[in-house]
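Student: Contents are compact mmCIF, C-alpha atoms; file name query-v9.txt:
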# COMPACT_ATOMS: atom_id res chain seq x y z
CA MET A 7 -0.99 -17.26 28.13
CA LYS A 8 2.12 -16.17 26.21
CA VAL A 9 2.07 -12.98 24.12
CA LEU A 10 4.65 -11.48 21.75
CA ILE A 11 4.42 -7.77 20.99
CA SER A 12 6.28 -6.56 17.90
CA ALA A 13 6.69 -2.78 18.13
CA ASP A 14 7.53 -0.55 15.16
CA ILE A 15 7.59 3.27 15.13
CA GLU A 16 6.07 4.56 11.86
CA GLY A 17 2.50 3.71 12.92
CA VAL A 18 2.77 5.35 16.34
CA ALA A 19 0.43 8.28 17.07
CA GLY A 20 2.18 11.59 16.37
CA VAL A 21 4.85 10.16 14.04
CA PHE A 22 4.79 11.59 10.49
CA HIS A 23 8.28 12.55 9.34
CA PRO A 24 11.39 10.44 8.64
CA GLU A 25 13.40 12.54 11.12
CA GLN A 26 11.17 11.17 13.89
CA THR A 27 12.33 7.65 13.04
CA ARG A 28 16.09 8.33 12.89
CA ALA A 29 18.42 8.44 15.86
CA GLY A 30 20.44 11.55 16.55
CA ASN A 31 17.86 14.29 16.95
CA GLY A 32 15.29 15.55 19.42
CA GLU A 33 12.29 14.58 17.31
CA TYR A 34 13.44 10.95 17.38
CA GLU A 35 13.87 11.01 21.14
CA ALA A 36 10.25 12.10 21.54
CA ALA A 37 9.00 9.53 19.02
CA ARG A 38 10.87 6.62 20.61
CA ARG A 39 9.26 7.53 23.92
CA TRP A 40 5.79 7.47 22.30
CA MET A 41 6.71 4.13 20.73
CA THR A 42 7.79 2.77 24.10
CA LEU A 43 4.62 3.94 25.82
CA GLU A 44 2.38 2.41 23.13
CA ALA A 45 4.24 -0.88 23.56
CA ASN A 46 3.82 -0.54 27.31
CA ALA A 47 0.07 -0.03 26.92
CA ALA A 48 -0.09 -3.31 24.99
CA ILE A 49 1.98 -5.07 27.67
CA GLU A 50 -0.18 -3.79 30.52
CA GLY A 51 -3.36 -4.65 28.64
CA ALA A 52 -2.12 -8.16 27.90
CA PHE A 53 -1.36 -8.83 31.56
CA ALA A 54 -4.69 -7.33 32.62
CA GLY A 55 -6.42 -9.73 30.23
CA GLY A 56 -4.71 -12.78 31.71
CA ALA A 57 -1.33 -13.10 29.99
CA THR A 58 1.27 -14.90 32.06
CA GLN A 59 4.33 -14.06 29.94
CA VAL A 60 4.92 -11.18 27.54
CA TRP A 61 7.85 -10.43 25.26
CA VAL A 62 8.14 -7.09 23.47
CA ASN A 63 10.27 -7.07 20.33
CA ASP A 64 11.88 -3.79 19.22
CA SER A 65 11.15 -3.98 15.49
CA HIS A 66 12.35 -0.67 14.08
CA GLY A 67 15.60 0.09 12.28
CA GLY A 68 18.55 -1.11 14.32
CA PHE A 69 16.16 -2.68 16.88
CA ARG A 70 17.50 -0.39 19.65
CA ASN A 71 14.70 2.17 20.09
CA LEU A 72 12.56 1.06 23.03
CA LEU A 73 13.35 2.49 26.45
CA PRO A 74 13.28 -0.57 28.73
CA ASP A 75 13.03 1.44 31.96
CA LEU A 76 9.61 2.74 30.88
CA LEU A 77 8.19 -0.74 30.24
CA ASP A 78 6.18 -2.89 32.59
CA ALA A 79 8.72 -4.80 34.68
CA ARG A 80 6.90 -8.10 34.04
CA ALA A 81 7.75 -8.03 30.31
CA GLN A 82 10.98 -9.14 28.67
CA VAL A 83 12.47 -7.01 25.88
CA VAL A 84 14.04 -8.32 22.65
CA LEU A 85 16.66 -5.82 21.42
CA GLY A 86 19.47 -5.64 18.86
CA LYS A 87 20.39 -7.31 15.58
CA PRO A 88 21.09 -9.44 13.64
CA ARG A 89 18.50 -11.98 14.73
CA THR A 90 17.08 -14.90 12.81
CA LEU A 91 13.39 -14.06 13.14
CA GLY A 92 13.74 -10.30 12.73
CA MET A 93 10.56 -8.48 13.75
CA MET A 94 9.17 -11.75 15.13
CA ALA A 95 12.08 -12.70 17.38
CA GLY A 96 10.48 -14.11 20.52
CA LEU A 97 8.21 -16.54 18.69
CA GLU A 98 10.63 -19.29 19.65
CA TYR A 99 9.42 -18.96 23.25
CA GLY A 100 5.97 -20.28 22.34
CA ALA A 101 3.79 -17.15 22.15
CA ALA A 102 0.17 -17.99 21.34
CA LEU A 103 -0.79 -14.42 20.38
CA VAL A 104 1.09 -11.75 18.43
CA PHE A 105 0.41 -8.01 18.67
CA MET A 106 1.79 -5.72 15.93
CA ILE A 107 1.99 -2.23 17.44
CA GLY A 108 3.00 0.91 15.52
CA TYR A 109 3.05 -0.84 12.15
CA HIS A 110 2.72 0.88 8.76
CA ALA A 111 1.39 0.29 5.25
CA LYS A 112 3.33 -1.48 2.54
CA SER A 113 5.63 0.17 0.01
CA GLN A 114 4.19 2.46 -2.68
CA THR A 115 0.91 3.11 -0.90
CA ARG A 116 -0.37 6.39 0.55
CA GLY A 117 0.19 5.28 4.11
CA ILE A 118 2.26 7.43 6.44
CA LEU A 119 5.96 6.57 5.99
CA ALA A 120 4.89 3.48 4.04
CA HIS A 121 7.60 1.00 3.04
CA THR A 122 8.39 -2.71 3.12
CA ILE A 123 11.47 -3.68 5.17
CA ASN A 124 13.90 -1.33 3.41
CA SER A 125 12.66 1.71 1.47
CA PHE A 126 16.03 2.15 -0.25
CA ALA A 127 16.02 -1.38 -1.64
CA PHE A 128 12.53 -2.85 -1.99
CA ALA A 129 9.60 -1.51 -4.01
CA ARG A 130 7.36 -4.57 -3.79
CA VAL A 131 7.41 -7.97 -2.07
CA SER A 132 5.02 -10.81 -2.96
CA LEU A 133 4.57 -14.24 -1.39
CA ASN A 134 2.94 -16.86 -3.60
CA GLY A 135 1.64 -14.14 -5.89
CA VAL A 136 0.16 -11.90 -3.17
CA GLU A 137 1.81 -8.56 -2.43
CA VAL A 138 2.59 -8.16 1.26
CA GLY A 139 3.88 -5.53 3.61
CA GLU A 140 5.75 -6.22 6.81
CA ALA A 141 2.58 -7.31 8.61
CA GLY A 142 1.72 -9.86 5.93
CA LEU A 143 5.27 -11.16 5.72
CA TYR A 144 5.83 -11.49 9.44
CA GLY A 145 2.27 -12.65 10.01
CA ALA A 146 3.01 -15.64 7.78
CA LEU A 147 6.07 -16.34 9.92
CA ALA A 148 4.01 -16.10 13.12
CA GLU A 149 1.47 -18.56 11.75
CA GLU A 150 4.24 -21.02 10.91
CA TYR A 151 5.10 -20.98 14.59
CA GLY A 152 1.46 -21.62 15.51
CA ALA A 153 0.79 -18.07 16.77
CA ARG A 154 -2.23 -15.94 15.89
CA VAL A 155 -1.93 -12.27 14.97
CA ALA A 156 -4.66 -10.85 17.21
CA LEU A 157 -4.05 -7.10 17.54
CA LEU A 158 -2.56 -4.50 15.19
CA SER A 159 -2.18 -0.72 15.38
CA GLY A 160 -1.17 1.93 12.85
CA ASP A 161 -2.73 4.34 10.38
CA ASP A 162 -5.98 3.89 8.47
CA VAL A 163 -4.26 2.83 5.22
CA PHE A 164 -2.41 0.09 7.10
CA ALA A 165 -5.63 -1.11 8.74
CA GLU A 166 -7.55 -1.19 5.45
CA GLU A 167 -4.89 -3.12 3.54
CA THR A 168 -4.14 -5.55 6.37
CA ALA A 169 -7.60 -6.39 7.76
CA PRO A 170 -8.43 -8.98 5.04
CA ARG A 171 -5.21 -10.84 5.85
CA PHE A 172 -6.12 -11.31 9.53
CA PRO A 173 -9.87 -11.86 9.83
CA GLY A 174 -11.01 -11.56 13.42
CA ALA A 175 -8.01 -9.51 14.53
CA ARG A 176 -8.53 -6.20 16.35
CA PHE A 177 -7.22 -2.97 14.83
CA VAL A 178 -6.48 0.30 16.59
CA VAL A 179 -6.24 3.22 14.15
CA THR A 180 -3.81 5.75 15.61
CA LYS A 181 -3.98 8.28 12.78
CA SER A 182 -5.38 8.94 9.29
CA ALA A 183 -3.06 9.47 6.32
CA THR A 184 -3.38 12.28 3.82
CA GLY A 185 0.03 11.61 2.26
CA HIS A 186 3.39 9.99 2.84
CA ALA A 187 4.30 12.42 5.62
CA SER A 188 1.01 14.07 6.53
CA GLY A 189 -2.29 13.27 8.18
CA VAL A 190 -4.42 13.63 11.29
CA THR A 191 -3.35 11.87 14.48
CA GLN A 192 -4.98 10.79 17.70
CA SER A 193 -3.19 12.06 20.77
CA PRO A 194 -0.55 9.67 22.15
CA ALA A 195 -2.61 9.30 25.34
CA TYR A 196 -5.76 8.38 23.39
CA ALA A 197 -3.85 5.84 21.29
CA ARG A 198 -2.33 4.25 24.40
CA ASP A 199 -5.73 3.92 26.07
CA ALA A 200 -7.21 2.30 22.95
CA ILE A 201 -4.30 -0.12 22.57
CA GLY A 202 -4.41 -1.10 26.24
CA THR A 203 -8.16 -1.74 26.15
CA ALA A 204 -7.92 -3.77 22.95
CA ALA A 205 -5.01 -5.84 24.30
CA ARG A 206 -6.90 -6.69 27.47
CA GLU A 207 -10.04 -7.69 25.57
CA VAL A 208 -8.19 -9.77 22.98
CA VAL A 209 -6.38 -11.86 25.60
CA ARG A 210 -9.56 -12.34 27.63
CA GLN A 211 -11.45 -13.46 24.55
CA HIS A 212 -8.69 -15.88 23.58
CA LEU A 213 -8.75 -17.45 27.03
CA ALA A 214 -12.55 -17.55 27.15
CA GLU A 215 -12.63 -19.45 23.87
CA GLY A 216 -10.43 -22.13 25.39
CA HIS A 217 -7.40 -21.69 23.15
CA ALA A 218 -4.04 -23.08 24.24
CA PRO A 219 -1.94 -20.66 26.33
CA HIS A 220 1.12 -21.33 24.18
CA ALA A 221 1.66 -22.09 20.52
CA THR A 222 2.38 -25.42 18.86
CA ARG A 223 4.53 -24.94 15.79
CA ALA A 224 2.71 -25.67 12.54
CA GLY A 225 4.29 -27.35 9.54
CA ALA A 226 6.19 -25.08 7.17
CA LYS A 227 5.13 -24.83 3.54
CA PRO A 228 7.23 -23.80 0.52
CA VAL A 229 7.01 -20.15 -0.51
CA GLU A 230 7.71 -18.42 -3.81
CA CYS A 231 8.88 -14.85 -3.28
CA GLU A 232 8.91 -12.21 -5.99
CA LEU A 233 10.83 -9.04 -5.24
CA ARG A 234 10.79 -5.77 -7.14
CA VAL A 235 13.77 -3.59 -6.25
CA GLN A 236 14.25 0.15 -6.59
CA THR A 237 17.11 0.17 -9.14
CA THR A 238 18.82 -2.08 -11.65
CA ALA A 239 22.02 -1.69 -9.62
CA LEU A 240 20.31 -3.40 -6.69
CA ALA A 241 19.12 -6.18 -8.96
CA ASP A 242 22.69 -6.62 -10.22
CA LEU A 243 23.91 -6.88 -6.64
CA PHE A 244 21.24 -9.23 -5.35
CA CYS A 245 21.60 -11.60 -8.29
CA GLN A 246 25.11 -12.39 -7.11
CA TRP A 247 23.19 -14.71 -4.79
CA PRO A 248 23.03 -17.97 -6.80
CA THR A 249 19.46 -18.94 -5.84
CA LEU A 250 17.88 -15.75 -7.18
CA THR A 251 16.37 -15.64 -10.67
CA ARG A 252 16.12 -12.37 -12.54
CA VAL A 253 12.71 -11.84 -14.16
CA ASP A 254 13.39 -8.41 -15.65
CA ALA A 255 15.60 -5.39 -14.96
CA VAL A 256 14.24 -4.82 -11.44
CA THR A 257 12.26 -7.98 -10.61
CA LEU A 258 13.76 -11.04 -8.93
CA ARG A 259 12.34 -14.34 -7.76
CA PHE A 260 13.43 -17.03 -5.34
CA ASP A 261 11.94 -20.15 -3.76
CA ALA A 262 12.07 -20.72 0.00
CA ALA A 263 11.25 -23.78 2.05
CA SER A 264 9.17 -21.69 4.47
CA ALA A 265 8.06 -18.16 5.36
CA GLU A 266 10.89 -18.11 7.88
CA ASP A 267 13.43 -18.82 5.13
CA ALA A 268 11.87 -16.11 2.95
CA VAL A 269 12.15 -13.59 5.81
CA ARG A 270 15.78 -14.53 6.40
CA MET A 271 16.62 -14.14 2.70
CA LEU A 272 14.91 -10.74 2.46
CA ASN A 273 16.75 -9.51 5.54
CA CYS A 274 20.06 -10.69 4.08
CA LEU A 275 19.33 -8.84 0.84
CA SER A 276 18.38 -5.75 2.82
CA ALA A 277 21.75 -5.88 4.58
CA MET A 278 23.54 -6.33 1.23
CA SER A 279 21.88 -3.19 -0.12
CA PHE A 280 23.98 -1.01 2.21
CA MET A 281 26.91 -1.64 -0.18
CA LEU A 282 25.21 0.74 -2.64
CA ARG A 283 24.17 3.52 -0.30
Rewrite the structure from the file as C-alpha cells, please.
Tutor:
Amino acid sequence: MKVLISADIEGVAGVFHPEQTRAGNGEYEAARRWMTLEANAAIEGAFAGGATQVWVNDSHGGFRNLLPDLLDARAQVVLGKPRTLGMMAGLEYGAALVFMIGYHAKSQTRGILAHTINSFAFARVSLNGVEVGEAGLYGALAEEYGARVALLSGDDVFAEETAPRFPGARFVVTKSATGHASGVTQSPAYARDAIGTAAREVVRQHLAEGHAPHATRAGAKPVECELRVQTTALADLFCQWPTLTRVDAVTLRFDAASAEDAVRMLNCLSAMSFMLR
C-alpha cells in the first residue's frame, strides 16, 4: 500500500501567526518542528495500518521546512522547488492514498491564516465554476492520478468547507478559528495522537475493502479555471500570458487540458507575481 502525505504548516496545532510560517525567527523554528512531528505521526500511523511505502511532501512556502532527521526512517521526503506537481509531488510513484496534513481554509474565509496558493496574488480560484482552496485544487490533481484523498487535518473552517468535496475522508480538527490569526488549539501532542490514529485506521480500512495497493492513473478531463487576483496590476502582468482571457479588472480565465495543467499554470502565475512585490 503506497501513501503520499502532503504536509503544510498553517493548519498545524499551535500555529496562528504569519511569523510562525516564515523562516528566520524562533517562532518559525518551533512551528516547523510541530509540522514535522504531525507529518511523522501520519507516517507512523500509515505504516502501522499496513502501508508498504510512504512519501511525505513538504508543501509549504519554499518546500524546505520539514526536518528529515525527525521523520520515520522508512519514509522518503520530497523537498525543494520548482516541481511539476507542486504540493502533490510524489503522486508519480503510484500512491493509492493521499493524506493532507496541516492544511488550511481557502482565501477570504475566516480560517486561520486562510489563503489559496499565494495570498499576495490570488483572491479566489475556481475550477469549472466551483471555488476551491488548495485541498480542492490538489485533490483534483490526486484524483487524476487515481489516488484517493483519505485523511485531512487543519482547523474547523477548513474541515467544514472541505468535507463535502471528499465524502468518506477522515478529518482531524487541530484547532478552532475565531479569526484570521486567532483561535483555540489542541495541544501538539493531542493533534499528533489523533492524526496517527486516523492514519492507521484509514489505511487498514482501505486494505480491508480490497482496494488496490497502488494507483492507476485516471483519464484527464479539460478544466476551466477562473482566477480573481488581488490587484489590477497583477491582472495586467498575468495577461501577458497569451492563453489568459481578462473578464474584468481583476478576474482572469484560462482553459487547461487537465487539473495538472491548471495547477502548473497557477504555480507559474504565482511565481510571476514576485515581480510586483
Student: CA of Ala141 (chain A) and CA of Glu16 (chain A) are how many Å apart?
Tutor: 12.8 Å
Student: In Å to one decimal, how far is CA of Leu158 (chain A) from CA of Ala45 (chain A)?
Tutor: 11.4 Å
Student: Select, from A:Ala29, A:Val9, A:Ala221, A:Ala239, the residue with the minimum atom-to-atom distance to Met278 (chain A), counting only C-alpha atoms.
Tutor: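 The closest residue to Met278 (chain A) is A:Ala239.
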Student: Can you tell me, as a PDB file with C-alpha atoms, in the frame of the given file, what residues are no more than 10 Å from Phe53 (chain A) when counting only C-alpha atoms, ignoring any on the same chain fewer than 3 positions away?
Tutor:
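Done, and the output landed in part-v3.pdb:
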ATOM      1  CA  MET A   7      -0.990 -17.260  28.130  1.00  0.00           C
ATOM      2  CA  LYS A   8       2.120 -16.170  26.210  1.00  0.00           C
ATOM      3  CA  VAL A   9       2.070 -12.980  24.120  1.00  0.00           C
ATOM      4  CA  ALA A  48      -0.090  -3.310  24.990  1.00  0.00           C
ATOM      5  CA  ILE A  49       1.980  -5.070  27.670  1.00  0.00           C
ATOM      6  CA  GLU A  50      -0.180  -3.790  30.520  1.00  0.00           C
ATOM      7  CA  GLY A  56      -4.710 -12.780  31.710  1.00  0.00           C
ATOM      8  CA  ALA A  57      -1.330 -13.100  29.990  1.00  0.00           C
ATOM      9  CA  THR A  58       1.270 -14.900  32.060  1.00  0.00           C
ATOM     10  CA  GLN A  59       4.330 -14.060  29.940  1.00  0.00           C
ATOM     11  CA  VAL A  60       4.920 -11.180  27.540  1.00  0.00           C
ATOM     12  CA  ASP A  78       6.180  -2.890  32.590  1.00  0.00           C
ATOM     13  CA  ARG A  80       6.900  -8.100  34.040  1.00  0.00           C
ATOM     14  CA  ALA A  81       7.750  -8.030  30.310  1.00  0.00           C
ATOM     15  CA  GLY A 202      -4.410  -1.100  26.240  1.00  0.00           C
ATOM     16  CA  ALA A 205      -5.010  -5.840  24.300  1.00  0.00           C
ATOM     17  CA  ARG A 206      -6.900  -6.690  27.470  1.00  0.00           C
ATOM     18  CA  VAL A 209      -6.380 -11.860  25.600  1.00  0.00           C
ATOM     19  CA  ARG A 210      -9.560 -12.340  27.630  1.00  0.00           C
TER      20      ARG A 210
END
Student: What is the CA of Thr115 (chain A) to CA of Ala265 (chain A) distance in Å?
Tutor: 23.3 Å
Student: Given only C-alpha atoms as the basis, pick out the residue of A:Asp199, A:Asp261, A:Asp161, A:Glu25 nearest to Val179 (chain A).
Tutor: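 Ranking A:Asp199, A:Asp261, A:Asp161, A:Glu25 by distance to Val179 (chain A), first place goes to A:Asp161.
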Student: Considering all atoms listed in the file, state which residue in the set A:Phe280, A:Phe244, A:Trp61, A:Phe260 is at the smallest distance from Glu98 (chain A).
Tutor: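 Of the candidates, the smallest distance to Glu98 (chain A) is held by A:Trp61.
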Student: Of the residues A:Ala19, A:Val136, A:Ala127, A:Met93, which is the one nearest to Ala241 (chain A), using only C-alpha atoms?
Tutor: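 Using only C-alpha atoms, the shortest distance to Ala241 (chain A) belongs to A:Ala127.
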Student: May I have the protein, DNA and RNA residues with an atom at most 9 Å from (9.1, -16.2, 11.2), counting only C-alpha atoms in the file's coordinates, returned as an NGL selection string?
Tutor: :A and (90-95 or 97 or 143-151 or 264-270)
Student: Which one is closest to Thr257 (chain A): A:Phe128, A:Ile201, A:Lys181, A:Arg176? Count all atoms listed in the file.
Tutor: A:Phe128
Student: Which of these residues is nearest to Glu137 (chain A), using all atoms listed in the file: A:Ala262, A:Leu272, A:Ala120, A:Cys231?
Tutor: A:Cys231
Student: Neighbours of region 162-170 of chain A within 9 Å (only C-alpha atoms; same-chain residues fewer than 3 positions away dropped), as a PyMOL selection string?
Tutor: chain A and resi 17+109-112+115-118+120+138-139+141-142+158-159+173-183
Student: With all atoms listed in the file as the counted atoms, please give the residues lying no more than 10 Å from Pro74 (chain A), apart from itself and same-chain residues fewer than 5 positions off, as an mmCIF file with C-alpha atoms, keeping the file's coordinate frame.
Tutor:
data_model
loop_
_atom_site.group_PDB
_atom_site.id
_atom_site.type_symbol
_atom_site.label_atom_id
_atom_site.label_comp_id
_atom_site.auth_asym_id
_atom_site.auth_seq_id
_atom_site.Cartn_x
_atom_site.Cartn_y
_atom_site.Cartn_z
ATOM 1 C CA THR A 42 7.790 2.770 24.100
ATOM 2 C CA ASN A 46 3.820 -0.540 27.310
ATOM 3 C CA VAL A 62 8.140 -7.090 23.470
ATOM 4 C CA ALA A 79 8.720 -4.800 34.680
ATOM 5 C CA ALA A 81 7.750 -8.030 30.310
ATOM 6 C CA GLN A 82 10.980 -9.140 28.670
ATOM 7 C CA VAL A 83 12.470 -7.010 25.880
ATOM 8 C CA VAL A 84 14.040 -8.320 22.650
ATOM 9 C CA LEU A 85 16.660 -5.820 21.420
#
Student: Would you list the residues near (11.6, -5.2, 3.3) (no more than 7 Å away, in the coordinates of the file, using only C-alpha atoms) as a list in words?
Tutor: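 Checked against the point, the hits come out as Thr122, Ile123, Asn124, Phe128, Glu140, Leu272 and Ser276 of chain A.
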